[in-house]
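S.K.: Data file structure13.txt (compact mmCIF, C-alpha atoms) is appended below.
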# COMPACT_ATOMS: atom_id res chain seq x y z
CA MET A 1 -68.21 -29.32 69.78
CA LYS A 2 -68.36 -25.54 69.87
CA ILE A 3 -67.62 -23.49 66.75
CA LEU A 4 -67.25 -19.74 66.21
CA ILE A 5 -67.94 -18.35 62.72
CA ILE A 6 -66.20 -15.03 62.06
CA GLU A 7 -67.64 -13.80 58.79
CA ASP A 8 -68.99 -10.38 57.76
CA GLU A 9 -71.08 -11.64 54.80
CA ALA A 10 -74.47 -12.23 56.43
CA GLU A 11 -75.86 -14.74 53.92
CA LEU A 12 -72.76 -16.94 53.99
CA ARG A 13 -72.54 -16.69 57.77
CA GLU A 14 -76.14 -17.81 58.20
CA THR A 15 -75.76 -20.62 55.65
CA ILE A 16 -72.73 -22.02 57.46
CA GLN A 17 -74.44 -21.64 60.83
CA LYS A 18 -77.57 -23.53 59.73
CA SER A 19 -75.48 -26.32 58.23
CA LEU A 20 -73.35 -26.76 61.35
CA LEU A 21 -76.39 -26.71 63.62
CA LYS A 22 -77.75 -29.63 61.59
CA GLU A 23 -74.47 -31.43 62.32
CA LYS A 24 -75.22 -30.97 66.06
CA TYR A 25 -72.46 -28.43 66.72
CA THR A 26 -72.93 -25.55 69.14
CA VAL A 27 -72.45 -22.48 66.94
CA GLU A 28 -71.73 -18.84 67.70
CA THR A 29 -71.09 -16.03 65.24
CA ALA A 30 -69.28 -12.70 64.94
CA HIS A 31 -69.69 -10.26 62.06
CA ASP A 32 -66.74 -7.91 62.57
CA PHE A 33 -63.28 -7.66 64.13
CA THR A 34 -64.46 -6.11 67.40
CA SER A 35 -67.15 -8.67 68.23
CA ALA A 36 -64.83 -11.50 67.19
CA SER A 37 -62.04 -10.21 69.42
CA ASP A 38 -64.42 -9.99 72.37
CA LYS A 39 -65.64 -13.57 71.89
CA ILE A 40 -62.23 -15.21 71.53
CA THR A 41 -61.03 -13.30 74.60
CA MET A 42 -63.96 -14.33 76.80
CA TYR A 43 -64.77 -17.83 75.54
CA ASN A 44 -63.11 -21.02 74.34
CA TYR A 45 -63.96 -22.83 71.11
CA ASP A 46 -63.11 -26.16 69.50
CA CYS A 47 -62.90 -24.59 66.07
CA ILE A 48 -62.92 -21.06 64.65
CA LEU A 49 -63.88 -20.32 61.04
CA LEU A 50 -62.05 -17.10 60.25
CA ASP A 51 -62.47 -14.65 57.39
CA ILE A 52 -59.36 -12.52 56.79
CA MET A 53 -61.05 -9.36 55.52
CA LEU A 54 -63.31 -8.01 58.29
CA PRO A 55 -64.91 -4.68 59.13
CA ASN A 56 -62.69 -2.77 61.58
CA GLY A 57 -59.72 -5.11 61.26
CA ASN A 58 -57.87 -8.07 59.78
CA GLY A 59 -58.43 -11.72 60.59
CA LEU A 60 -54.69 -12.34 60.77
CA ASP A 61 -54.56 -9.98 63.75
CA LEU A 62 -57.11 -12.20 65.49
CA LEU A 63 -54.77 -15.15 64.97
CA LYS A 64 -52.01 -13.14 66.62
CA HIS A 65 -54.37 -12.31 69.49
CA LEU A 66 -55.18 -16.01 70.00
CA LYS A 67 -51.48 -16.75 70.18
CA GLN A 68 -50.95 -13.98 72.74
CA LEU A 69 -53.78 -15.39 74.84
CA GLY A 70 -52.08 -18.79 74.80
CA LYS A 71 -55.13 -20.47 73.27
CA SER A 72 -54.95 -23.46 70.96
CA GLU A 73 -58.27 -23.36 69.12
CA ASN A 74 -58.45 -25.10 65.76
CA VAL A 75 -58.63 -22.34 63.13
CA ILE A 76 -59.76 -22.70 59.52
CA ILE A 77 -59.34 -19.57 57.41
CA ILE A 78 -62.21 -19.00 54.98
CA SER A 79 -61.42 -16.15 52.64
CA ALA A 80 -61.88 -14.94 49.09
CA LYS A 81 -58.23 -13.98 49.07
CA ASN A 82 -56.32 -16.87 47.53
CA ALA A 83 -52.89 -15.27 47.51
CA LEU A 84 -50.16 -17.64 48.61
CA ASP A 85 -48.73 -14.95 50.89
CA ASP A 86 -51.93 -14.70 52.93
CA LYS A 87 -52.19 -18.47 53.22
CA LEU A 88 -48.59 -18.79 54.43
CA LYS A 89 -49.04 -15.96 56.92
CA GLY A 90 -52.17 -17.59 58.32
CA LEU A 91 -50.57 -21.01 58.67
CA ALA A 92 -47.46 -19.47 60.23
CA LEU A 93 -49.65 -17.73 62.82
CA GLY A 94 -51.25 -21.01 63.85
CA ALA A 95 -54.14 -21.64 61.45
CA ASP A 96 -54.81 -25.34 60.84
CA ASP A 97 -56.32 -25.11 57.36
CA TYR A 98 -57.24 -22.67 54.61
CA LEU A 99 -60.34 -22.76 52.41
CA THR A 100 -60.83 -20.32 49.54
CA LYS A 101 -64.28 -18.91 48.70
CA PRO A 102 -66.45 -20.02 47.07
CA PHE A 103 -66.57 -23.50 48.57
CA HIS A 104 -69.09 -26.28 49.11
CA ILE A 105 -70.48 -26.51 52.65
CA ALA A 106 -69.85 -30.26 52.59
CA GLU A 107 -66.14 -29.61 52.05
CA LEU A 108 -66.06 -27.13 54.94
CA THR A 109 -67.76 -29.67 57.22
CA ALA A 110 -65.21 -32.31 56.22
CA ARG A 111 -62.33 -29.90 56.98
CA ILE A 112 -63.82 -29.14 60.41
CA THR A 113 -64.17 -32.84 61.21
CA ALA A 114 -60.59 -33.45 60.13
CA VAL A 115 -58.98 -30.71 62.25
CA LEU A 116 -61.05 -31.63 65.32
CA ARG A 117 -60.14 -35.30 65.03
CA ARG A 118 -56.49 -34.51 64.34
CA LYS A 119 -56.00 -32.23 67.34
CA ASN A 120 -58.47 -33.43 69.94
CA PHE A 121 -58.42 -37.18 69.35
CA ASN A 122 -55.05 -37.84 67.74
CA GLY A 123 -56.71 -38.69 64.44
CA LYS A 124 -59.26 -41.08 65.97
CA SER A 125 -63.03 -40.74 65.83
CA GLU A 126 -63.55 -42.83 68.97
CA VAL A 127 -62.65 -42.32 72.62
CA GLN A 128 -62.31 -45.39 74.85
CA LEU A 129 -62.92 -44.98 78.58
CA GLY A 130 -63.05 -48.27 80.44
CA ASN A 131 -65.80 -50.36 78.85
CA CYS A 132 -67.27 -47.26 77.18
CA THR A 133 -66.79 -46.24 73.56
CA ILE A 134 -67.70 -42.68 72.56
CA ASN A 135 -67.91 -42.16 68.79
CA ILE A 136 -67.46 -38.47 68.08
CA GLN A 137 -68.59 -38.54 64.46
CA GLU A 138 -71.65 -40.72 64.94
CA ARG A 139 -72.44 -39.14 68.33
CA THR A 140 -73.01 -42.49 69.99
CA LEU A 141 -72.12 -44.15 73.29
CA LYS A 142 -71.62 -47.88 73.66
CA VAL A 143 -71.06 -49.72 76.94
CA ASN A 144 -69.79 -53.28 76.56
CA GLN A 145 -70.68 -52.95 72.85
CA HIS A 146 -74.32 -52.13 73.67
CA ASP A 147 -75.84 -48.83 72.55
CA VAL A 148 -76.82 -46.34 75.24
CA HIS A 149 -79.25 -43.70 74.00
CA LEU A 150 -78.29 -40.12 74.83
CA ASN A 151 -80.12 -36.98 73.83
CA ARG A 152 -78.19 -34.15 72.17
CA LYS A 153 -77.29 -32.26 75.33
CA GLU A 154 -76.35 -35.42 77.23
CA PHE A 155 -73.94 -36.39 74.48
CA ASP A 156 -72.48 -32.86 74.33
CA ILE A 157 -71.87 -32.94 78.09
CA LEU A 158 -70.29 -36.41 77.97
CA ASN A 159 -68.12 -35.40 75.03
CA TYR A 160 -66.89 -32.32 76.89
CA PHE A 161 -66.09 -34.44 79.93
CA SER A 162 -64.20 -36.94 77.77
CA LEU A 163 -62.00 -34.11 76.50
CA ASN A 164 -61.29 -33.13 80.10
CA LYS A 165 -61.11 -36.48 81.89
CA ASN A 166 -60.09 -36.19 85.56
CA ARG A 167 -60.20 -32.39 85.33
CA LEU A 168 -62.56 -30.25 87.39
CA ILE A 169 -65.21 -28.65 85.17
CA THR A 170 -67.06 -25.72 86.71
CA LYS A 171 -70.80 -25.39 86.20
CA SER A 172 -70.35 -22.08 84.42
CA ALA A 173 -67.73 -23.50 82.01
CA LEU A 174 -69.92 -26.50 81.24
CA ALA A 175 -72.99 -24.34 80.66
CA GLU A 176 -71.13 -21.88 78.44
CA TYR A 177 -69.59 -24.69 76.39
CA VAL A 178 -72.77 -26.68 75.81
CA TRP A 179 -75.31 -23.87 75.56
CA GLY A 180 -73.20 -21.13 73.97
CA ASP A 181 -74.46 -17.56 73.72
CA HIS A 182 -77.86 -18.44 75.18
CA ILE A 183 -76.36 -19.14 78.60
CA ASP A 184 -76.51 -15.41 79.37
CA GLN A 185 -80.30 -15.71 79.49
CA ALA A 186 -80.26 -18.34 82.24
CA ASP A 187 -81.17 -17.36 85.80
CA ASN A 188 -79.42 -20.37 87.33
CA PHE A 189 -77.76 -23.67 86.46
CA ASP A 190 -80.62 -25.99 87.46
CA PHE A 191 -80.91 -27.23 83.87
CA ILE A 192 -77.32 -28.54 84.10
CA TYR A 193 -78.17 -30.45 87.26
CA TYR A 194 -81.04 -32.27 85.53
CA GLN A 195 -78.98 -33.13 82.44
CA ILE A 196 -76.16 -34.46 84.64
CA LYS A 197 -78.67 -36.42 86.74
CA ASN A 198 -80.12 -38.12 83.65
CA LEU A 199 -76.69 -38.84 82.19
CA ARG A 200 -75.49 -40.36 85.47
CA LYS A 201 -78.49 -42.67 85.63
CA LYS A 202 -77.87 -43.92 82.10
CA LEU A 203 -74.20 -44.58 82.89
CA GLU A 204 -75.09 -46.41 86.11
CA ASP A 205 -77.90 -48.46 84.54
CA SER A 206 -75.56 -49.63 81.76
CA ASN A 207 -72.76 -50.53 84.24
CA ALA A 208 -70.38 -48.06 82.63
CA GLU A 209 -66.85 -48.03 83.99
CA MET A 210 -66.88 -44.25 84.29
CA ALA A 211 -68.75 -41.85 86.52
CA ILE A 212 -69.41 -38.15 86.97
CA GLU A 213 -68.35 -36.95 90.40
CA THR A 214 -69.77 -33.81 91.99
CA VAL A 215 -67.32 -31.34 93.46
CA TYR A 216 -69.78 -29.56 95.72
CA GLY A 217 -70.22 -25.87 95.17
CA ILE A 218 -67.91 -25.88 92.13
CA GLY A 219 -68.72 -28.37 89.41
CA TYR A 220 -68.05 -31.91 88.18
CA LYS A 221 -65.32 -34.35 87.21
CA LEU A 222 -65.36 -37.43 84.95
CA ILE A 223 -63.43 -40.41 86.31
CA GLU A 224 -62.84 -44.01 85.25
CA LYS A 225 -63.86 -46.63 87.80
Give the structure from the file, written as structure tokens.

M.R.:
Amino acid sequence: MKILIIEDEAELRETIQKSLLKEKYTVETAHDFTSASDKITMYNYDCILLDIMLPNGNGLDLLKHLKQLGKSENVIIISAKNALDDKLKGLALGADDYLTKPFHIAELTARITAVLRRKNFNGKSEVQLGNCTINIQERTLKVNQHDVHLNRKEFDILNYFSLNKNRLITKSALAEYVWGDHIDQADNFDFIYYQIKNLRKKLEDSNAEMAIETVYGIGYKLIEK
């Protein structure tokens, strides 16, 4: 899952980032209105943590911008402002939750898990595809009730495919989703090919009733057999 932290307070931003990285999320950050606006325009996220008071602008305007772009990212407002008016405005503009500073990181993580499960998996923590069970919270894959070991990137790729079953996923979209900001440093997408190759072999060896098809020159597609 890919998360964007929009927070101008450097220490809090870094604390949240380190905590979410430990939870195996792909994390990007923005410290002001301008950089945040650029990121939400160019990229897609599973969840956005949004501070209302930002240098150069207001977080509520970013919510309006998301709505104008037709995007449906999960948004949790994190702000020191606890006025009811701000909370209602944020929720009316499409925010999914509201957390007032100061807060415990464990509570924030629980809120993130809740909104992701509610929107992406209809409240479930597991996705069933044929004889395969993907547990989003535990980051595990079982085929016919037997564990199949996946490394972090393999699971991230499979999870992304499960969210987009039967849809064409371009190499660039997959790379940007799984590797985040660091994808700009890549000269080519060979590393995706090797991760997909390893994931395919594990699915085939375990007799999984799903497969990753190559759409030559474009990308990949996850199908059920």

S.K.: Extract, using only C-alpha atoms, all DNA, RNA and protein residues at most 8 Å from range 128-142 of chain A, discarding same-chain residues fewer than 5 positions from it, and format them as a VMD selection string.

M.R.: chain A and resid 113 147 to 150 155 159 208 to 210 224 to 225

S.K.: In Å to one decimal, how far is CA of Asn151 in chain A from CA of Thr214 in chain A?

M.R.: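 Taking CA of Thr214 in chain A as the start and CA of Asn151 in chain A as the end point, the length is 21.1 Å.
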
S.K.: Need the shell around range 195-199 of chain A: protein/DNA/RNA residues with any atom at most 12 Å away, counting all atoms listed in the file. Skip same-chain ones fewer than 3 positions apart. Format as a short mmCIF file (atom, residue, chain, number, x, y, z; two decimals) with C-alpha atoms, keeping the file's coordinate frame?

M.R.:
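Result file is out.cif:
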data_model
loop_
_atom_site.label_atom_id
_atom_site.label_comp_id
_atom_site.auth_asym_id
_atom_site.auth_seq_id
_atom_site.Cartn_x
_atom_site.Cartn_y
_atom_site.Cartn_z
CA LEU A 141 -72.12 -44.15 73.29
CA VAL A 148 -76.82 -46.34 75.24
CA HIS A 149 -79.25 -43.70 74.00
CA LEU A 150 -78.29 -40.12 74.83
CA ASN A 151 -80.12 -36.98 73.83
CA ARG A 152 -78.19 -34.15 72.17
CA LYS A 153 -77.29 -32.26 75.33
CA GLU A 154 -76.35 -35.42 77.23
CA PHE A 155 -73.94 -36.39 74.48
CA ASP A 156 -72.48 -32.86 74.33
CA ILE A 157 -71.87 -32.94 78.09
CA LEU A 158 -70.29 -36.41 77.97
CA ASN A 159 -68.12 -35.40 75.03
CA PHE A 161 -66.09 -34.44 79.93
CA LYS A 171 -70.80 -25.39 86.20
CA LEU A 174 -69.92 -26.50 81.24
CA ALA A 175 -72.99 -24.34 80.66
CA VAL A 178 -72.77 -26.68 75.81
CA PHE A 189 -77.76 -23.67 86.46
CA ASP A 190 -80.62 -25.99 87.46
CA PHE A 191 -80.91 -27.23 83.87
CA ILE A 192 -77.32 -28.54 84.10
CA LYS A 202 -77.87 -43.92 82.10
CA LEU A 203 -74.20 -44.58 82.89
CA GLU A 204 -75.09 -46.41 86.11
CA ASP A 205 -77.90 -48.46 84.54
CA SER A 206 -75.56 -49.63 81.76
CA ALA A 208 -70.38 -48.06 82.63
CA MET A 210 -66.88 -44.25 84.29
CA ALA A 211 -68.75 -41.85 86.52
CA ILE A 212 -69.41 -38.15 86.97
CA GLU A 213 -68.35 -36.95 90.40
CA THR A 214 -69.77 -33.81 91.99
CA GLY A 219 -68.72 -28.37 89.41
CA TYR A 220 -68.05 -31.91 88.18
CA LYS A 221 -65.32 -34.35 87.21
CA LEU A 222 -65.36 -37.43 84.95
#

S.K.: Find the residue from A:Leu4, A:Leu116, A:Val27, A:Ile52 that sits nearest to Tyr98 in chain A; use all atoms listed in the file when measuring.

M.R.: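 Of the candidates, the smallest distance to Tyr98 in chain A is held by A:Ile52.
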
S.K.: Smallest atom-to-atom distance to Asp8 in chain A: which of A:Asp32, A:Asp61, A:Glu176, A:Asp38, using all atoms listed in the file?

M.R.: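 Closest to Asp8 in chain A of all the choices is A:Asp32.
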
S.K.: My list of candidates is A:Leu93, A:Leu60, A:Leu66, A:Ile77. Which is closest to Ile5 in chain A when distances are computed with only C-alpha atoms?

M.R.: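 Of the candidates, the smallest distance to Ile5 in chain A is held by A:Ile77.
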
S.K.: Expressed in Å to a single decimal, how great is the separation between CA of Glu23 in chain A and CA of Ile223 in chain A?

M.R.: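 Here the two named atoms are 27.9 Å from each other.
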